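Below is one structure, written out as structure tokens; comments come after it.
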Amino acid sequence: MVNPTMSANLSQVIVKRRGSVILGPIELTLARQGITIVLGPNGAGKTTLLKVLHGVERISSGSVDWSVPDELARQSQAFIFQKPTMLRRSVRENLAYPLQLLDYKKAEIAERVALWAHRIDLGDMLDRSAPRLSGGEQQKLALARALIRDPDVLFLDEPCANLDARSTREIEKLLVDAQSSGTRIIMTTHNIGQARRLANDVLFLLNGKLHEQGAAMTFFKEPKTPEAKSFLEGDIVE
Amino acid sequence: MNEIWAGLQAALFLVFTLDKDLVEITLRSLQVSLSALVIASAIALPFGTWLAIRRFRYRRATIAALNALMGLPPVVVGLIVYLLLSRSGPFGVLGLLFSPTAMIIAQVIIIAPLIASITHQAMRELWAEYHDLLISLNTTKRQRIFTLIRDGKRALLTAALAGFGRAIGEVGAIMIVGGNIDHATRVLTTAIALETGKGDFALALGLGFVLIALAMLVNFAIHALSRTEREGTW
Amino acid sequence: MIRILAIFCILFSTSLRAETIKLAVTTSFHNSGLSDILLPEILADTGLEVQLLVVGTGQALRLGEAGDVDAILVHSKQAEVDFVANGFGTHRREIMYNDFVIIGPASDPSNIQNAQSADAALSQIASHKAAFVSRGDQSGTHKKELGLWQTANLDPEAFGGWYRSVGSGMGASLNIASSMNAHILSDRASWLNFGNKGALGLLFSGDPQLANQYAYIPVNPERHRHVNSSATIILEKWLTSRAAELLINGYEIGGQPLFVFNASPTR
């Protein structure tokens with residue numbers, strides 16, 4: 001299912017909202033593998049960039065090209081939001097939903113649901129109402145619901161922003177597992193420690209522009225720009 | 001006070017003796033209003049949902065029109081339906097005037113905007129919650145509407161019950177298009193109007209109590225049938 | 001959902017009906033209670049199920065003009081004659097009559113109990129500016145009332161606030177008169193059957209001017225092809241029969257006969 005040739009190319013992408021530019025112009029080629037962490041201060045355009053890549057943000061000019069046709073690209077991507085959206089249904093039905101949309105057979109749905117419920121430790125809560133789970137359980141469920149389709153690319157927008165240490169650790173483990181089984185991961189975070197733990201490479205955004213990018217090792221050790229350096233040191237960057 | 005007491009007694013007497021006429025007009029009330037409810041819901045629930053998720057140029061105008069239609073005076077609806085269905089009107093050949101069908105048509109027109117409007121309000125909130133997920137999952141419009149209707153069924157039930165409440169208690173329109181014909185188009189509300197006209201307040205009030213009880217009964221029955229009370233977990 | 005549908009099917013299954021005829025009648029006729037006596041007898045004798053549309057004379061005539069009913073039974077002679085003359089009805093057949101009465105506060109403040117005639121009684125009410133409720137709905141009763149004011153050389157348009165045109169049926173108008181303790185012109189049957197008399201009483205009756213003639217008019221099938229013409233003929237035959245005569249003349253409320261059968265045996 002995993003398509004190793006899936007990569008993206010952004011050229012001259014600009015996103016405007018109410019007349020003012022909130023992202024771009026951006027030139028970017030995404031590597032084909034690994035975990036990319038998008039860093040930057042609030043309002044730098046991180047979420048917008050993720051949405052542009054996912055194809056759910058209207059771009060004012062420029063182009064986003066995936067190495068496969070758009071429809072197929074969308075089908076093999078998933079997106080995790082900072083605040084997980086729980087369908088007002090049971091845990092089981094939440095997990096099954098993305099597969100039902102694609103008309104999977106019932107037996108296969110049941111099999112995958114059981115597998116993923118077990119992976120996120122919600123195996124004995126399948127009939128609980130999803131909106132009543134704790135924050136950590138909800139985010140794990142959202143992650144499982146995203147991964148259940150075996151996506152080629154997974155976007156995550158601050159997935160651990162409001163979570164306790166234990167849930168954060170569980171989610172990072174799921175992400176590493178997914179990455180090692182071939183899922184491309186692109187994620188924003190405010191937690192620099194988390195970025196260090198997970199990143200293969202880093203995109204540093206500032207004021208809607210791609211200010212610096214590079215391999216994680218280099219970026220964290222010797223950032224090229226003074227802004228990235230002070231950001232990593234915890235200063236306020238404008 | 002005496003009259004209300006006499007009305008209660010009349011109601012109890014009618015119910016416990018299973019008065020033949022009472023049973024007949026009660027069943028007809030149910031038949032007309034439930035038919036109107038089913039038809040109006042089939043139109044208004046998907047429409048209200050669609051309106052919540054679809055962005056189009058005249059959306060605001062459509063919603064404003066819907067809210068205005070919600071306040072349609074039933075008497076005016078009755079008069080217009082009457083003129084349309086009259087033998088001298090454009091649909092006269094159908095011969096529907098003074099039949100339960102005509103009453104159902106009038107009630108559908110009266111309650112469909114109400115149901116659509118309440119549906120739209122509720123679905124807008126649910127859509128705001130689900131929007132990002134459903135867009136991200138690349139759902140089709142049909143899938144979105146089905147998902148919202150499924151997960152918003154409790155709000156939809158509320159909308160439908162509001163519609164039923166308006167239908168079962170409506171008198172102006174169905175009096176005009178139904179004609180209040182004994183054994184053919186007489187329902188609880190028109191019977192109440194008739195008895196009031198005769199100055200028989202006790203019987204009118206008795207029928208009124210039966211009507212209230214019926215409306216409550218239907219509410220409970222629909223809730224029980226769709227098992228929302230047990231399933232209400234969100 | 002299936003259960004809801006099942007209930008639905010039960011509600012929808014309607015029993016087979018006898019042949020029906022739609023007859024527009026006036027509120028006053030229906031309120032008299034006579035129809036409750038006549039309809040079962042008509043069904044038994046002829047197999048016809050008469051569906052009554054109880055409306056004011058004005059609306060009854062409109063229903064006939066539009067072809068929404070098969071026949072009408074009303075009490076406003078001039079309007080009926082015009083209706084037939086304009087080709088909406090085939091002919092007018094008188095069936096029976098009852099009478100109008102003047103109702104008012106039982107204490108009779110305008111002293112109309114001793115009036116010489118109906119129009120004189122109304123003149124006295126007007127000169128006292130005593131409260132008066134008018135149907136105001138173009139019904140037969142309303143038209144009769146207007147005719148009496150005309151006879152009395154008075155114009156209701158020029159009356160002050162004591163004259164209340166309420167635009168309602170007989171029952172609703174009586175309810176209003178009762179709550180205002182006002183005068184009102186009513187047919188005798190509606191008054192006797194009315195349950196909310198309050199402080200009102202029957203003050204004046206018996207003037208030949210107050211006779212209230214009911215006539216039967218079948219809607220012209222040449223104008224409206226769907227009219228159940230054969231049923232209108234059967235109904236007319238029954239309404240003018242000996243059986244109808246006995247029932248109509250024998251109908252009483254509180255020991256008082258109400259209607260006088262006066263149909264001629266042939267047209």
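Following the order of the structure tokens, chains are lettered A, B, ..., residues in each are numbered from 1, and ligands are numbered from 1.
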task: Show which residues sit within 8 Å of region 37-47 of chain B, as number ranges by chain. Count only C-alpha atoms, and ignore same-chain residues fewer than 4 positions away.
output: B: 33, 51, 108-109, 111-113, 115-116, 119, 145, 149, 156, 160, 163-164, 167
Could those selected residues go to a file with N, CA and C atoms, as a PDB file, in the first residue's frame?
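Result went into again05.pdb, see below:
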```pdb
ATOM      1  N   SER B  33     -51.241  14.515  10.653  1.00  0.00           N
ATOM      2  CA  SER B  33     -50.038  15.195  11.130  1.00  0.00           C
ATOM      3  C   SER B  33     -48.794  14.332  10.979  1.00  0.00           C
ATOM      4  N   LEU B  51     -27.938  22.880   3.531  1.00  0.00           N
ATOM      5  CA  LEU B  51     -27.767  24.325   3.682  1.00  0.00           C
ATOM      6  C   LEU B  51     -26.652  24.648   4.683  1.00  0.00           C
ATOM      7  N   VAL B 108     -47.643  20.221   5.407  1.00  0.00           N
ATOM      8  CA  VAL B 108     -46.253  20.087   4.948  1.00  0.00           C
ATOM      9  C   VAL B 108     -45.676  21.476   4.679  1.00  0.00           C
ATOM     10  N   ILE B 109     -46.479  22.324   4.008  1.00  0.00           N
ATOM     11  CA  ILE B 109     -45.988  23.668   3.700  1.00  0.00           C
ATOM     12  C   ILE B 109     -45.741  24.455   4.976  1.00  0.00           C
ATOM     13  N   ILE B 111     -44.988  23.203   8.101  1.00  0.00           N
ATOM     14  CA  ILE B 111     -43.940  22.739   9.029  1.00  0.00           C
ATOM     15  C   ILE B 111     -42.582  22.503   8.373  1.00  0.00           C
ATOM     16  N   ALA B 112     -42.547  22.328   7.053  1.00  0.00           N
ATOM     17  CA  ALA B 112     -41.245  22.056   6.420  1.00  0.00           C
ATOM     18  C   ALA B 112     -40.223  23.181   6.675  1.00  0.00           C
ATOM     19  N   PRO B 113     -40.605  24.459   6.537  1.00  0.00           N
ATOM     20  CA  PRO B 113     -39.602  25.504   6.816  1.00  0.00           C
ATOM     21  C   PRO B 113     -39.125  25.478   8.268  1.00  0.00           C
ATOM     22  N   ILE B 115     -38.914  22.839  10.278  1.00  0.00           N
ATOM     23  CA  ILE B 115     -37.990  21.717  10.463  1.00  0.00           C
ATOM     24  C   ILE B 115     -36.648  22.025   9.794  1.00  0.00           C
ATOM     25  N   ALA B 116     -36.708  22.581   8.586  1.00  0.00           N
ATOM     26  CA  ALA B 116     -35.459  22.883   7.874  1.00  0.00           C
ATOM     27  C   ALA B 116     -34.637  23.904   8.643  1.00  0.00           C
ATOM     28  N   THR B 119     -33.143  22.337  11.761  1.00  0.00           N
ATOM     29  CA  THR B 119     -32.102  21.425  11.293  1.00  0.00           C
ATOM     30  C   THR B 119     -30.849  22.199  10.918  1.00  0.00           C
ATOM     31  N   ILE B 145     -23.299  14.673   4.128  1.00  0.00           N
ATOM     32  CA  ILE B 145     -24.682  14.837   4.589  1.00  0.00           C
ATOM     33  C   ILE B 145     -25.120  13.632   5.411  1.00  0.00           C
ATOM     34  N   ILE B 149     -26.263  13.767   9.285  1.00  0.00           N
ATOM     35  CA  ILE B 149     -27.614  13.351   9.663  1.00  0.00           C
ATOM     36  C   ILE B 149     -27.539  12.230  10.700  1.00  0.00           C
ATOM     37  N   LEU B 156     -32.026  16.374  14.974  1.00  0.00           N
ATOM     38  CA  LEU B 156     -33.040  16.222  13.932  1.00  0.00           C
ATOM     39  C   LEU B 156     -34.363  15.776  14.527  1.00  0.00           C
ATOM     40  N   ALA B 160     -37.906  17.538  14.170  1.00  0.00           N
ATOM     41  CA  ALA B 160     -39.107  16.848  13.704  1.00  0.00           C
ATOM     42  C   ALA B 160     -40.232  16.985  14.726  1.00  0.00           C
ATOM     43  N   GLY B 163     -41.828  20.243  14.525  1.00  0.00           N
ATOM     44  CA  GLY B 163     -42.728  20.255  13.370  1.00  0.00           C
ATOM     45  C   GLY B 163     -44.036  19.554  13.687  1.00  0.00           C
ATOM     46  N   PHE B 164     -43.935  18.406  14.345  1.00  0.00           N
ATOM     47  CA  PHE B 164     -45.149  17.661  14.693  1.00  0.00           C
ATOM     48  C   PHE B 164     -46.032  18.482  15.620  1.00  0.00           C
ATOM     49  N   ALA B 167     -47.855  20.923  13.678  1.00  0.00           N
ATOM     50  CA  ALA B 167     -48.858  20.323  12.796  1.00  0.00           C
ATOM     51  C   ALA B 167     -50.092  19.887  13.577  1.00  0.00           C
TER      52      ALA B 167
END
```
task: Output the contact residues of chain B with respect to chain A at a cut-off of 10 Å, based on only C-alpha atoms, as a PyMOL selection string.
output: chain B and resi 126+129-140+143+147-148+150-152+231-234
message: I'd like the contact shell of Phe201 (chain B) - 9 Å cut-off, only C-alpha atoms, skipping same-chain residues fewer than 4 positions apart - returned as a count of residues only.
response: 12
- prompt: Which neighbours of Phe261 (chain C) fall inside 9 Å, counting only C-alpha atoms, when residues of the same chain fewer than 6 positions from it are skipped, and could you give them as a list in words?
  reply: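 The residues that qualify are Ile95, Met96, Tyr97, Asn98, Thr240, Ala244, Glu245, Leu246, Ile248 and Asn249 of chain C.
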Give me, as CSV, the closest atom pair and its distance (Å, one decimal) for every residue of chain C within a cut-off of 7 Å of chain B, counting only C-alpha atoms, rows sorted by chain and rising number.
```
residue,atom,partner,partner_atom,distance
C:Leu11,CA,B:Gln31,CA,5.4
C:Phe12,CA,B:Gln31,CA,6.6
C:Asn31,CA,B:Lys198,CA,6.8
C:Gln51,CA,B:Ile181,CA,5.9
C:Leu52,CA,B:Ile181,CA,5.5
C:Leu53,CA,B:Gly179,CA,5.6
C:Ala66,CA,B:Ser88,CA,5.1
C:Gly67,CA,B:Arg87,CA,5.5
C:Asp68,CA,B:Arg87,CA,5.5
C:Gly171,CA,B:Gly197,CA,4.0
C:Ala172,CA,B:Gly197,CA,4.8
C:Asn175,CA,B:Gly199,CA,6.5
C:Phe194,CA,B:Lys198,CA,5.5
C:Gly195,CA,B:Gly199,CA,4.7
C:Asn196,CA,B:Gly199,CA,5.0
```
- prompt: Which value, in Å to one decimal, gives the distance between CA of Pro265 (chain C) and CA of Arg93 (chain C)?
  reply: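 Here the two named atoms are 10.3 Å from each other.
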query: Can you list every residue in region 84-203 of chain C that DSSP puts in alpha helix (DSSP H), as a PyMOL selection string?
result: chain C and resi 84-85+118-128+140-151+170-180+188-193
Separation of CA of Thr20 (chain C) from CA of Thr141 (chain C) in Å: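 Between these atoms lies a distance of 28.2 Å.
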query: Using only C-alpha atoms, which residue out of C:Asp187, C:Asp137, C:Glu19, C:Asp99 lies closest to Gly58 (chain C)?
result: C:Asp137
task: Show which residues sit within 9 Å of Thr225 (chain A), as a list in words. Count only C-alpha atoms, and ignore same-chain residues fewer than 3 positions away.
output: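 Here the qualifying residues turn out to be His211, Glu212, Glu222, Ala228, Lys229 and Ser230 of chain A.
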Enumerate the residues of region 48-266 of chain C with a DSSP assignment of strand (DSSP E or B), computed from the backbone, and present them as an mmCIF file with N, CA and C atoms, in the first residue's frame.
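part-v4.cif written:
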```cif
data_model
loop_
_atom_site.group_PDB
_atom_site.id
_atom_site.type_symbol
_atom_site.label_atom_id
_atom_site.label_comp_id
_atom_site.auth_asym_id
_atom_site.auth_seq_id
_atom_site.Cartn_x
_atom_site.Cartn_y
_atom_site.Cartn_z
ATOM 1 N N LEU C 48 -76.576 7.295 0.487
ATOM 2 C CA LEU C 48 -75.726 8.458 0.227
ATOM 3 C C LEU C 48 -75.067 8.926 1.515
ATOM 4 N N GLU C 49 -73.756 9.118 1.471
ATOM 5 C CA GLU C 49 -73.105 9.729 2.619
ATOM 6 C C GLU C 49 -72.944 11.216 2.335
ATOM 7 N N VAL C 50 -73.678 12.029 3.085
ATOM 8 C CA VAL C 50 -73.621 13.469 2.867
ATOM 9 C C VAL C 50 -72.485 14.051 3.705
ATOM 10 N N GLN C 51 -71.527 14.659 3.013
ATOM 11 C CA GLN C 51 -70.429 15.325 3.725
ATOM 12 C C GLN C 51 -70.748 16.804 3.823
ATOM 13 N N LEU C 52 -70.923 17.277 5.054
ATOM 14 C CA LEU C 52 -71.327 18.659 5.251
ATOM 15 C C LEU C 52 -70.117 19.572 5.355
ATOM 16 N N LEU C 53 -70.137 20.654 4.569
ATOM 17 C CA LEU C 53 -69.161 21.717 4.763
ATOM 18 C C LEU C 53 -69.900 22.858 5.432
ATOM 19 N N VAL C 54 -69.584 23.085 6.674
ATOM 20 C CA VAL C 54 -70.339 24.059 7.453
ATOM 21 C C VAL C 54 -69.673 25.420 7.340
ATOM 22 N N VAL C 55 -70.300 26.310 6.609
ATOM 23 C CA VAL C 55 -69.702 27.620 6.335
ATOM 24 C C VAL C 55 -70.807 28.666 6.353
ATOM 25 N N ALA C 71 -73.684 20.478 -3.992
ATOM 26 C CA ALA C 71 -74.940 21.206 -3.831
ATOM 27 C C ALA C 71 -74.813 22.099 -2.609
ATOM 28 N N ILE C 72 -75.719 23.079 -2.490
ATOM 29 C CA ILE C 72 -75.682 23.942 -1.313
ATOM 30 C C ILE C 72 -77.073 24.021 -0.694
ATOM 31 N N LEU C 73 -77.107 24.245 0.610
ATOM 32 C CA LEU C 73 -78.367 24.427 1.334
ATOM 33 C C LEU C 73 -78.195 25.679 2.180
ATOM 34 N N VAL C 74 -78.803 26.788 1.709
ATOM 35 C CA VAL C 74 -78.534 28.065 2.362
ATOM 36 C C VAL C 74 -79.826 28.843 2.583
ATOM 37 N N GLY C 89 -76.019 27.309 -10.487
ATOM 38 C CA GLY C 89 -76.868 26.219 -10.000
ATOM 39 C C GLY C 89 -77.930 25.900 -11.024
ATOM 40 N N ARG C 93 -84.637 25.089 -4.866
ATOM 41 C CA ARG C 93 -85.815 24.369 -4.363
ATOM 42 C C ARG C 93 -85.954 24.668 -2.877
ATOM 43 N N GLU C 94 -87.065 25.303 -2.502
ATOM 44 C CA GLU C 94 -87.256 25.610 -1.087
ATOM 45 C C GLU C 94 -87.558 24.333 -0.326
ATOM 46 N N ILE C 95 -86.995 24.193 0.867
ATOM 47 C CA ILE C 95 -87.150 22.957 1.630
ATOM 48 C C ILE C 95 -87.933 23.201 2.911
ATOM 49 N N MET C 96 -87.506 24.224 3.677
ATOM 50 C CA MET C 96 -88.116 24.434 5.000
ATOM 51 C C MET C 96 -87.765 25.830 5.465
ATOM 52 N N TYR C 97 -88.407 26.233 6.557
ATOM 53 C CA TYR C 97 -87.988 27.510 7.134
ATOM 54 C C TYR C 97 -87.974 27.415 8.652
ATOM 55 N N ASN C 98 -87.184 28.281 9.229
ATOM 56 C CA ASN C 98 -87.310 28.518 10.671
ATOM 57 C C ASN C 98 -87.326 30.030 10.834
ATOM 58 N N ASP C 99 -87.020 30.549 11.994
ATOM 59 C CA ASP C 99 -87.083 31.998 12.101
ATOM 60 C C ASP C 99 -85.900 32.553 12.877
ATOM 61 N N PHE C 100 -85.688 33.848 12.608
ATOM 62 C CA PHE C 100 -84.652 34.566 13.342
ATOM 63 C C PHE C 100 -85.254 35.152 14.612
ATOM 64 N N VAL C 101 -84.400 35.351 15.585
ATOM 65 C CA VAL C 101 -84.851 35.976 16.826
ATOM 66 C C VAL C 101 -83.833 37.053 17.206
ATOM 67 N N ILE C 102 -84.299 38.038 17.980
ATOM 68 C CA ILE C 102 -83.364 39.063 18.463
ATOM 69 C C ILE C 102 -83.026 38.733 19.912
ATOM 70 N N ILE C 103 -81.730 38.569 20.144
ATOM 71 C CA ILE C 103 -81.219 38.227 21.462
ATOM 72 C C ILE C 103 -80.632 39.485 22.079
ATOM 73 N N GLY C 104 -80.717 39.587 23.393
ATOM 74 C CA GLY C 104 -80.112 40.741 24.053
ATOM 75 C C GLY C 104 -80.062 40.505 25.547
ATOM 76 N N PRO C 105 -79.572 41.483 26.282
ATOM 77 C CA PRO C 105 -79.525 41.339 27.742
ATOM 78 C C PRO C 105 -80.921 41.012 28.262
ATOM 79 N N PHE C 132 -74.431 46.023 20.080
ATOM 80 C CA PHE C 132 -75.015 45.093 19.116
ATOM 81 C C PHE C 132 -73.887 44.391 18.375
ATOM 82 N N VAL C 133 -73.976 43.073 18.301
ATOM 83 C CA VAL C 133 -72.953 42.298 17.599
ATOM 84 C C VAL C 133 -73.497 41.863 16.248
ATOM 85 N N SER C 134 -72.754 42.201 15.186
ATOM 86 C CA SER C 134 -73.165 41.799 13.844
ATOM 87 C C SER C 134 -72.231 40.705 13.346
ATOM 88 N N TYR C 163 -71.807 49.293 17.729
ATOM 89 C CA TYR C 163 -72.121 48.300 16.702
ATOM 90 C C TYR C 163 -70.849 47.557 16.347
ATOM 91 N N ARG C 164 -70.772 46.302 16.718
ATOM 92 C CA ARG C 164 -69.543 45.534 16.530
ATOM 93 C C ARG C 164 -69.721 44.496 15.421
ATOM 94 N N SER C 165 -69.028 44.709 14.317
ATOM 95 C CA SER C 165 -69.051 43.718 13.244
ATOM 96 C C SER C 165 -67.888 42.761 13.485
ATOM 97 N N HIS C 183 -76.697 42.833 22.123
ATOM 98 C CA HIS C 183 -77.774 42.312 21.280
ATOM 99 C C HIS C 183 -77.170 41.616 20.070
ATOM 100 N N ILE C 184 -77.964 40.695 19.528
ATOM 101 C CA ILE C 184 -77.504 40.009 18.315
ATOM 102 C C ILE C 184 -78.702 39.374 17.629
ATOM 103 N N LEU C 185 -78.631 39.320 16.305
ATOM 104 C CA LEU C 185 -79.670 38.617 15.552
ATOM 105 C C LEU C 185 -79.189 37.190 15.332
ATOM 106 N N SER C 186 -80.017 36.231 15.743
ATOM 107 C CA SER C 186 -79.610 34.826 15.600
ATOM 108 C C SER C 186 -80.766 34.034 15.031
ATOM 109 N N ASP C 187 -80.453 32.916 14.399
ATOM 110 C CA ASP C 187 -81.539 32.014 14.060
ATOM 111 C C ASP C 187 -81.939 31.292 15.340
ATOM 112 N N LEU C 200 -77.817 36.606 28.612
ATOM 113 C CA LEU C 200 -78.636 36.947 27.445
ATOM 114 C C LEU C 200 -79.982 36.231 27.497
ATOM 115 N N GLY C 201 -80.946 36.828 26.816
ATOM 116 C CA GLY C 201 -82.252 36.191 26.700
ATOM 117 C C GLY C 201 -82.862 36.486 25.349
ATOM 118 N N LEU C 202 -83.894 35.703 24.988
ATOM 119 C CA LEU C 202 -84.601 35.939 23.736
ATOM 120 C C LEU C 202 -85.559 37.106 23.958
ATOM 121 N N LEU C 203 -85.350 38.199 23.217
ATOM 122 C CA LEU C 203 -86.148 39.391 23.484
ATOM 123 C C LEU C 203 -87.283 39.587 22.486
ATOM 124 N N PHE C 204 -87.039 39.218 21.226
ATOM 125 C CA PHE C 204 -88.058 39.533 20.229
ATOM 126 C C PHE C 204 -88.102 38.443 19.166
ATOM 127 N N ALA C 211 -88.797 35.435 9.103
ATOM 128 C CA ALA C 211 -88.797 34.062 8.593
ATOM 129 C C ALA C 211 -87.481 33.794 7.871
ATOM 130 N N ASN C 212 -87.038 32.577 7.973
ATOM 131 C CA ASN C 212 -85.711 32.206 7.473
ATOM 132 C C ASN C 212 -85.866 30.996 6.571
ATOM 133 N N GLN C 213 -85.941 31.258 5.264
ATOM 134 C CA GLN C 213 -86.248 30.192 4.317
ATOM 135 C C GLN C 213 -84.969 29.495 3.858
ATOM 136 N N TYR C 214 -84.923 28.180 3.997
ATOM 137 C CA TYR C 214 -83.788 27.404 3.495
ATOM 138 C C TYR C 214 -84.118 26.840 2.123
ATOM 139 N N ALA C 215 -83.148 26.919 1.229
ATOM 140 C CA ALA C 215 -83.370 26.372 -0.104
ATOM 141 C C ALA C 215 -82.173 25.524 -0.529
ATOM 142 N N TYR C 216 -82.467 24.554 -1.363
ATOM 143 C CA TYR C 216 -81.471 23.600 -1.833
ATOM 144 C C TYR C 216 -81.164 23.907 -3.294
ATOM 145 N N ILE C 217 -79.871 24.029 -3.625
ATOM 146 C CA ILE C 217 -79.483 24.318 -5.013
ATOM 147 C C ILE C 217 -78.387 23.350 -5.452
ATOM 148 N N PRO C 218 -78.664 22.484 -6.433
ATOM 149 C CA PRO C 218 -77.591 21.638 -6.969
ATOM 150 C C PRO C 218 -76.669 22.488 -7.854
ATOM 151 N N VAL C 219 -75.388 22.231 -7.768
ATOM 152 C CA VAL C 219 -74.420 22.947 -8.606
ATOM 153 C C VAL C 219 -74.572 22.465 -10.046
ATOM 154 N N GLU C 252 -87.413 18.954 17.644
ATOM 155 C CA GLU C 252 -87.658 19.923 18.706
ATOM 156 C C GLU C 252 -86.416 20.097 19.563
ATOM 157 N N ILE C 253 -86.278 21.298 20.085
ATOM 158 C CA ILE C 253 -85.265 21.503 21.124
ATOM 159 C C ILE C 253 -85.991 22.028 22.352
ATOM 160 N N GLN C 256 -89.590 22.777 21.943
ATOM 161 C CA GLN C 256 -90.007 23.747 20.924
ATOM 162 C C GLN C 256 -89.695 23.242 19.525
ATOM 163 N N PRO C 257 -90.705 23.193 18.651
ATOM 164 C CA PRO C 257 -90.392 22.844 17.264
ATOM 165 C C PRO C 257 -89.594 23.987 16.629
ATOM 166 N N VAL C 260 -90.172 24.379 9.918
ATOM 167 C CA VAL C 260 -91.419 24.046 9.245
ATOM 168 C C VAL C 260 -91.079 23.619 7.827
ATOM 169 N N PHE C 261 -91.460 22.391 7.509
ATOM 170 C CA PHE C 261 -91.212 21.850 6.179
ATOM 171 C C PHE C 261 -92.147 22.538 5.192
#
```
Contacts of region 171-173 of chain B at 10 Å (only C-alpha atoms; same-chain gap of 3+ positions) as a PyMOL selection string: chain B and resi 73-82+102-103+106-107+110+166-168+176-180+187-193
query: So what do you get for CA of Gln138 (chain C) versus CA of Asn220 (chain C), distance-wise?
result: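 Straight-line distance from CA of Gln138 (chain C) to CA of Asn220 (chain C) works out to 22.6 Å.
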- request: Skip region 91-95 of chain A itself and residues of its chain fewer than 6 positions away, then list as a VMD selection string all residues within 8 Å of it, counting only C-alpha atoms.
  value: chain A and resid 113 117 125 to 130 141 144 to 145 148
Written file, previous selection with N, CA and C atoms, as a short mmCIF file (atom, residue, chain, number, x, y, z; two decimals), in the first residue's frame:
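again.cif, freshly written:
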```
data_model
loop_
_atom_site.label_atom_id
_atom_site.label_comp_id
_atom_site.auth_asym_id
_atom_site.auth_seq_id
_atom_site.Cartn_x
_atom_site.Cartn_y
_atom_site.Cartn_z
N VAL A 113 -9.98 -2.69 12.80
CA VAL A 113 -10.41 -1.97 13.99
C VAL A 113 -9.86 -2.65 15.24
N ALA A 117 -7.28 -0.83 17.71
CA ALA A 117 -7.75 -0.60 19.08
C ALA A 117 -6.76 -1.18 20.06
N MET A 125 -12.35 -0.71 25.26
CA MET A 125 -13.26 0.45 25.32
C MET A 125 -13.96 0.66 23.98
N LEU A 126 -14.02 -0.38 23.17
CA LEU A 126 -14.54 -0.21 21.81
C LEU A 126 -15.96 0.36 21.78
N ASP A 127 -16.76 0.05 22.79
CA ASP A 127 -18.14 0.51 22.74
C ASP A 127 -18.38 1.78 23.56
N ARG A 128 -17.28 2.34 24.08
CA ARG A 128 -17.42 3.61 24.79
C ARG A 128 -17.66 4.73 23.77
N SER A 129 -18.30 5.80 24.25
CA SER A 129 -18.53 6.93 23.37
C SER A 129 -17.24 7.74 23.22
N ALA A 130 -16.82 7.95 21.99
CA ALA A 130 -15.53 8.60 21.75
C ALA A 130 -15.42 10.00 22.37
N LEU A 141 -6.83 7.90 19.65
CA LEU A 141 -7.88 7.38 18.77
C LEU A 141 -7.82 8.09 17.42
N ALA A 144 -4.96 6.65 15.50
CA ALA A 144 -5.27 5.33 14.97
C ALA A 144 -6.24 5.43 13.80
N ARG A 145 -7.20 6.35 13.93
CA ARG A 145 -8.18 6.53 12.86
C ARG A 145 -7.49 7.04 11.60
N ILE A 148 -5.27 3.98 10.18
CA ILE A 148 -5.97 2.73 9.86
C ILE A 148 -6.07 2.52 8.35
#
```
- prompt: Which residue out of C:Ala130, C:Leu43, C:Ser28, C:Ile112 has the minimum interatomic distance to Leu174 (chain C) when only C-alpha atoms are used?
  reply: C:Ser28
